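Engineer: Right, I'll just put the structure down here and ask away after.
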Amino acid sequence: MTMHRLLARQIRQSTDEAGQVDMARLAELVSTAYEESDGDRRRTDRAIKLMIEELEQTHKRAEQDLSRAREFLDSIIENIPIAVFAKDAKDSRYILLNRAGEEYYGMPREAMLGRTPQQIFPEDIARVVNEQDRRVVDSGTPMLLEGHVLEVGVKGHDRVVNSRKLLVRDNGGAPQYLVGVIEDVTERITNEARISHLAHHDALTDLPNRSAFNAELDQRLGRAQEASTSFAVLSLDLDRFKDVNDVFGHPVGDMMMRAAAERLVAEADGAFVARIGGDEFMILMPDDIRREDVLSLAERLVEAIGKELEVDDYLSQVGLSVGIAVYPGDGVDAAALLANADSALYRAKREGRGRVCFFETGMDRELRDRRLLQHDLRHALEQSEFQVYFQPQARMDGEIIGFEALLRWNHPVRGFVPPDQFIPLAEESGLIIEIGDWVLRETCRQAASWPRPLQVAVNLSPVQFQTGDLERSIHQILLETGLAPTRLEVEITEGVLIGDFTRALNLLRRLKALGIHIAMDDFGTGYSSLSYLQSFPFDKIKIDRSFILNLEATPQSAEIVRAVLSLAHALHIPVVAEGVETEAQRAFLQREACEVMQGYLIGRPEPIERYADLIGINVERRRYA
Ligand SMILES: Nc1nc2c(ncn2[C@@H]2O[C@@H]3COP(=O)(O)O[C@H]4[C@@H](O)[C@H](n5cnc6c(=O)[nH]c(N)nc65)O[C@@H]4COP(=O)(O)O[C@H]3[C@H]2O)c(=O)[nH]1
C-alpha cells in the first residue's frame, strides 16, 4: 500500500514505542497540516492575483505609452513645416496629409483623403503625379527631386521645393504605402542668394567688392591667356574724399560715395566696376580694347567725377586719379597687374591728382621704394635717427631774432632723407603725431636751454590738427620743458584749415590764447590764402621761397611779393621772406619794408651747436671766462 509521505510521517510521530497509534495526536497533526496547507493556498492565490493585476497594469501602461508615442509622432507630423503625405501604394489614394501638406496643396485634407490624384488635381498634374508614383512602386527605389519649381499648390509657380517619395512594404514584402515629403526651400534659396550677394558686393554702393573683383580678374586672365587677347585694369582713387567726410560727416559722405559710384558705373560703358576699399575702385575694361579707347574712357571718368556732386542740398567736389595696367605687357598675372596699376595710380596722384597714368617700367620700383621707406620710418624714432636742425631768421639789418626748427632723418643706409619725402609718408600712416610731438619736445627743450630767449618756429602738419590731442601735447611739452609760450611759434599751411575748418580755427584760437604765435607758411602757393587771412589773426606771414627765388628772373614774382607785403602791412602782420639767398634779394626786400628774412644768405639749417654764438653760448662763456 502506498501512502503520502506526510501522512506516513504524521503516523510515525503519533506511534509510541510499543507500536500503538495515538489517534488524538494523529488527528491534531493532520488538522495542523491541513491548516498550513490552506494558508499556503491562500497565499498562492493572493500572489497570483497580484501578478495578474501587475500584468494588467503593465499592459495598460504599454498601451498608454504606445498611444502617447503615436500622438507624439502624429503631432510632429502634423506640425512639421514640411508637407507630409501617405498614399495607398495600389491606387495612389491619399490616406494621410499633414497641415503643411494642406497649405502646400492649397486644400483641406478632407478634400484629399480617400481620393486619387485624378479625383483631386487637373489632368496634366494628376498624370505627372501618377507617373512618379508608379515609378517608385515599380522600381522600389525612392524618388528625390531637388530645387524643382512647384507645379502643384496655391503658393504660385515661384516656389522652389525639394521632394522625396518612398515605398513602404507590408510584412509579406508587397507594396503597401507611398510616403512623401515636400519641403518648400524658396526662402532658404533666396537667403542663400542674398548672403552670396552680400559676400561679393560692397554694402554701401552695391558694386562688386574686392573678392568679386579678384574672381573676375582671374577669369579674365584665363580667357585672355587662352585667346591671346589683351585687357586693361584701372585702379581708381577719389581725391579729397576724406574732406567730404570731415566737412559734412559720414552719413552725407556715404551718400556722396554712392553718387560718385553711380557716376562711375554710368560712364564706364558696361565695364566691370568694383569698389575695393574706402575711396578705391577697380575697373576691368572689355577684352582687346584699344589703348586710346582706354585712355579716353579713363579721362571721361575723371571728368564725370570732377563735376560737382549734389546730394540733399549738400554740394561737394571731389576728383579722380586713375592708374592703368594692360595685360600682358604690364603683367601676366593678377598680382603684377594690380601692383602695376597701383604704381601708375601713385604716379597719377603724385603728379597733381585728377590725372590718368599708364604704367611704365620703373614706376613699380618707385612705389616699392616708398613702401620700404615707410617701413623704415616706423623704427626711425626708436632708433634715434631723427634730429632737429635750426635755421636762423633775421631782421633786415641782420639781427637774429629766432630759428625755424626743421626735421632731419638720418637713415642708416640712405643717409639724409629730405623731409619733403618722408613727412607725407608719416602723415599717411599717422606716424606724424608721434614724430610731431617729438619735434616739438626736442625743439622746446633745446630752446629753453639757450641763454638768449630767441623765438623758435615749428612746422605743424594738418594731420596733427585733425587727429590726436595737439593742444594738450603742446601744453604738456611747454610745462615739461619750461619754455615760455611766447617764444614758441607754430607754422601752419592752408592744409590745416581745409579739413575741419571750425575745429582747426578753434584750436588755433586756444593756442594763441596760451601766448603761442601762429604763422601762415608758404603764403601765396595755396588757393585761398587770402580768405584765411580774414578768418584768423595770424602773427606772421611767410612768403613762399618760390617767389623770392624768381625775384630777379620774373617781374611777376616781384609784383606778387610787393602785393603781399603791402597787404600784410595794411593788416599789420609782419612778413618773413623765405629762401633769401642773395644780397640782391635782401636789398629788394629791405626796400619793400619786409620785416624778417630766412635763407642761405643768413644761414642754412644746421644742428644748433653750429649757431652756439647766436643763441648766446659763446657770449656767455666769454663773459664768465
Ligand atoms: N633752396 C633754398 N631752400 C631753403 C633756403 N632757406 C630755407 N630753405 C628750405 O626751405 C624749407 C623751409 O621749410 P618749409 O617751407 O616749412 O618746408 C618744410 C616743411 O614743410 C617740412 N618740414 C620740415 N620739418 C618739419 C617738421 O618738423 N614737421 C612738419 N610737419 N613738417 C616739416 O618739410 C619742408 C621742407 O623742409 P626742408 O627740406 O628742411 O626745407 C626747408 C629749408 O631747408 C634757401 O635759401 N634756399
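Naming scheme: A, B, ... for chains in displayed order of the C-alpha cells; residues 1 onward per chain; ligands 1 onward as shown.
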Just want the 10 Å neighbourhood of Asp246 (chain A), counted on only C-alpha atoms, with same-chain residues fewer than 4 positions away dropped. Output as a PDB file with N, CA and C atoms, in the first residue's frame.
Structural biologist:
ATOM      1  N   PHE A 241      38.366 112.829 -50.941  1.00  0.00           N
ATOM      2  CA  PHE A 241      37.092 112.359 -50.415  1.00  0.00           C
ATOM      3  C   PHE A 241      37.046 112.460 -48.894  1.00  0.00           C
ATOM      4  N   LYS A 242      38.224 112.364 -48.273  1.00  0.00           N
ATOM      5  CA  LYS A 242      38.288 112.461 -46.822  1.00  0.00           C
ATOM      6  C   LYS A 242      37.719 113.807 -46.366  1.00  0.00           C
ATOM      7  N   HIS A 250      29.842 111.552 -41.856  1.00  0.00           N
ATOM      8  CA  HIS A 250      29.817 110.294 -42.613  1.00  0.00           C
ATOM      9  C   HIS A 250      28.503 110.003 -43.331  1.00  0.00           C
ATOM     10  N   GLY A 253      28.708 111.832 -46.385  1.00  0.00           N
ATOM     11  CA  GLY A 253      29.838 111.232 -47.110  1.00  0.00           C
ATOM     12  C   GLY A 253      29.403 109.946 -47.809  1.00  0.00           C
ATOM     13  N   GLN A 466      43.982 117.311 -37.086  1.00  0.00           N
ATOM     14  CA  GLN A 466      42.770 116.500 -37.261  1.00  0.00           C
ATOM     15  C   GLN A 466      42.690 115.363 -36.249  1.00  0.00           C
ATOM     16  N   ILE A 498      41.832 123.491 -44.418  1.00  0.00           N
ATOM     17  CA  ILE A 498      40.973 122.933 -45.462  1.00  0.00           C
ATOM     18  C   ILE A 498      40.051 121.849 -44.911  1.00  0.00           C
ATOM     19  N   GLY A 499      40.563 121.009 -43.999  1.00  0.00           N
ATOM     20  CA  GLY A 499      39.734 119.913 -43.464  1.00  0.00           C
ATOM     21  C   GLY A 499      38.575 120.431 -42.646  1.00  0.00           C
ATOM     22  N   ASP A 500      38.619 120.176 -41.350  1.00  0.00           N
ATOM     23  CA  ASP A 500      37.553 120.654 -40.468  1.00  0.00           C
ATOM     24  C   ASP A 500      37.907 122.078 -40.035  1.00  0.00           C
ATOM     25  N   PHE A 501      37.394 123.038 -40.816  1.00  0.00           N
ATOM     26  CA  PHE A 501      37.776 124.440 -40.659  1.00  0.00           C
ATOM     27  C   PHE A 501      37.485 124.952 -39.241  1.00  0.00           C
TER      28      PHE A 501
END
Engineer: Apply DSSP to the structure's backbone, then extract all residues of region 375-513 of chain A labelled strand (DSSP E) and return them as JSON, numbers by chain.
Structural biologist: {"A": [386, 387, 388, 389, 390, 391, 392, 393, 394, 395, 400, 401, 402, 403, 404, 405, 406, 407, 408, 409, 410, 411, 415, 416, 417, 455, 456, 457, 458, 459, 488, 489, 490, 491, 492]}
Engineer: Quick one: of A:Glu491, A:Asp218, A:Asp313, A:Glu63, who's nearest to ligand 1, counting only C-alpha atoms and all ligand atoms?
Structural biologist: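 Once distances to ligand 1 are computed over only C-alpha atoms and all ligand atoms, the minimum belongs to A:Glu491.
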Engineer: Using only C-alpha atoms, which protein or nucleic acid residues come within 8 Å of Phe536 (chain A)? Drop anything in the same chain fewer than 3 positions from it, and give the result as an MDAnalysis selection string.
Structural biologist: chainID A and resid 505 532:533
Engineer: Hey, can you spit out that residue selection with N, CA and C atoms as a compact mmCIF listing (two decimals), in the first residue's frame?
Structural biologist:
# COMPACT_ATOMS: atom_id res chain seq x y z
N LEU A 505 40.20 126.15 -36.52
CA LEU A 505 40.18 127.56 -36.11
C LEU A 505 40.10 127.68 -34.59
N TYR A 532 41.85 132.97 -45.75
CA TYR A 532 42.23 132.51 -44.41
C TYR A 532 42.77 133.65 -43.57
N LEU A 533 43.40 134.63 -44.24
CA LEU A 533 43.91 135.79 -43.51
C LEU A 533 42.77 136.52 -42.83
Engineer: With only C-alpha atoms as the atoms that count, which of A:Gln421, A:Thr15, A:Ser343, A:Gln317 lies nearest to Leu377 (chain A)?
Structural biologist: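 Smallest separation from Leu377 (chain A) among the options: A:Gln421.
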Engineer: Please give me, as JSON, numbers by chain, the residues lying within 9 Å of ligand 1 when counting only C-alpha atoms and all ligand atoms.
Structural biologist: {"A": [388, 389, 391, 404, 405, 406, 407, 408, 418, 419, 420, 421, 422, 423, 424, 427, 432, 435, 436, 438, 439, 440, 458, 459, 460, 461, 462, 463, 464, 491, 492, 493, 521, 522, 542, 544, 545, 546, 549, 578, 579, 580, 581, 582, 598, 599, 600, 601, 602, 603, 604, 605]}
Engineer: Those same residues - C-alpha atoms - I'd like them written as a PDB file, in the first residue's frame.
Structural biologist:
ATOM      1  CA  VAL A 388      66.206 118.798 -35.316  1.00  0.00           C
ATOM      2  CA  TYR A 389      68.159 121.328 -37.373  1.00  0.00           C
ATOM      3  CA  GLN A 391      67.752 127.781 -39.490  1.00  0.00           C
ATOM      4  CA  GLU A 404      62.927 127.655 -37.609  1.00  0.00           C
ATOM      5  CA  ALA A 405      63.165 124.047 -36.463  1.00  0.00           C
ATOM      6  CA  LEU A 406      63.480 121.663 -39.429  1.00  0.00           C
ATOM      7  CA  LEU A 407      63.385 117.921 -39.005  1.00  0.00           C
ATOM      8  CA  ARG A 408      66.137 115.726 -40.419  1.00  0.00           C
ATOM      9  CA  PRO A 418      64.609 115.088 -47.339  1.00  0.00           C
ATOM     10  CA  PRO A 419      61.553 115.975 -45.227  1.00  0.00           C
ATOM     11  CA  ASP A 420      59.544 116.537 -48.421  1.00  0.00           C
ATOM     12  CA  GLN A 421      59.883 112.783 -48.964  1.00  0.00           C
ATOM     13  CA  PHE A 422      59.215 111.377 -45.526  1.00  0.00           C
ATOM     14  CA  ILE A 423      56.778 113.895 -43.987  1.00  0.00           C
ATOM     15  CA  PRO A 424      53.973 112.901 -46.445  1.00  0.00           C
ATOM     16  CA  GLU A 427      51.221 111.850 -42.498  1.00  0.00           C
ATOM     17  CA  ILE A 432      53.351 112.244 -37.819  1.00  0.00           C
ATOM     18  CA  ILE A 435      57.055 112.399 -34.756  1.00  0.00           C
ATOM     19  CA  GLY A 436      55.457 115.858 -34.470  1.00  0.00           C
ATOM     20  CA  TRP A 438      58.978 114.537 -30.665  1.00  0.00           C
ATOM     21  CA  VAL A 439      59.986 117.569 -32.808  1.00  0.00           C
ATOM     22  CA  LEU A 440      58.033 119.908 -30.533  1.00  0.00           C
ATOM     23  CA  VAL A 458      57.956 124.584 -35.508  1.00  0.00           C
ATOM     24  CA  ASN A 459      56.026 123.224 -38.509  1.00  0.00           C
ATOM     25  CA  LEU A 460      52.735 121.521 -37.695  1.00  0.00           C
ATOM     26  CA  SER A 461      51.103 119.080 -40.084  1.00  0.00           C
ATOM     27  CA  PRO A 462      47.351 119.229 -40.856  1.00  0.00           C
ATOM     28  CA  VAL A 463      47.139 115.646 -39.571  1.00  0.00           C
ATOM     29  CA  GLN A 464      48.226 116.834 -36.128  1.00  0.00           C
ATOM     30  CA  GLU A 491      53.820 127.390 -38.686  1.00  0.00           C
ATOM     31  CA  ILE A 492      50.757 126.085 -40.449  1.00  0.00           C
ATOM     32  CA  THR A 493      49.890 125.761 -44.116  1.00  0.00           C
ATOM     33  CA  ASP A 521      53.559 129.235 -44.021  1.00  0.00           C
ATOM     34  CA  ASP A 522      54.013 129.030 -47.810  1.00  0.00           C
ATOM     35  CA  LYS A 542      55.828 133.609 -44.550  1.00  0.00           C
ATOM     36  CA  ASP A 544      56.999 131.131 -50.077  1.00  0.00           C
ATOM     37  CA  ARG A 545      60.546 130.847 -51.278  1.00  0.00           C
ATOM     38  CA  SER A 546      59.473 130.205 -54.891  1.00  0.00           C
ATOM     39  CA  LEU A 549      63.813 132.678 -55.916  1.00  0.00           C
ATOM     40  CA  GLU A 578      61.799 132.540 -47.075  1.00  0.00           C
ATOM     41  CA  GLY A 579      64.672 131.321 -49.219  1.00  0.00           C
ATOM     42  CA  VAL A 580      66.700 134.520 -49.331  1.00  0.00           C
ATOM     43  CA  GLU A 581      69.955 133.507 -50.964  1.00  0.00           C
ATOM     44  CA  THR A 582      71.436 136.661 -52.479  1.00  0.00           C
ATOM     45  CA  GLN A 598      65.303 133.482 -43.667  1.00  0.00           C
ATOM     46  CA  GLY A 599      67.560 131.737 -46.153  1.00  0.00           C
ATOM     47  CA  TYR A 600      71.011 130.539 -47.017  1.00  0.00           C
ATOM     48  CA  LEU A 601      72.222 134.150 -47.046  1.00  0.00           C
ATOM     49  CA  ILE A 602      71.744 134.243 -43.264  1.00  0.00           C
ATOM     50  CA  GLY A 603      72.410 130.606 -42.574  1.00  0.00           C
ATOM     51  CA  ARG A 604      71.452 127.063 -43.596  1.00  0.00           C
ATOM     52  CA  PRO A 605      69.533 124.655 -41.404  1.00  0.00           C
TER      53      PRO A 605
END
Engineer: Work out how far apart CA of Glu110 (chain A) and CA of Ser92 (chain A) are and give it in Å to one decimal.
Structural biologist: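 Between CA of Glu110 (chain A) and CA of Ser92 (chain A) the gap works out to 15.8 Å.
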Engineer: From region 417-568 of chain A, collect each residue whose DSSP state is alpha helix (DSSP H) and return the set as a ChimeraX atom specification.
Structural biologist: /A:419-429,432-449,462-466,470-481,495-498,501-513,529-535,545-549,555-568
Engineer: To one decimal place, how far is CA of Asp437 (chain A) from CA of Asp376 (chain A) in Å?
Structural biologist: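 Separation between CA of Asp437 (chain A) and CA of Asp376 (chain A): 18.7 Å.
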Engineer: Which residues, written as a list in words, have at least one atom at most 10 Å from Gln374 (chain A), with only C-alpha atoms counted and residues fewer than 6 positions away on the same chain left out?
Structural biologist: Arg368, Ala380, Phe422, Pro424, Leu425, Ala426, Glu428, Ser429 and Leu431 of chain A
Engineer: Might you pull out every residue within 7 Å of region 382-386 of chain A, with only C-alpha atoms counted and same-chain residues fewer than 4 positions away left off, and present them as a PyMOL selection string?
Structural biologist: chain A and resi 408-411
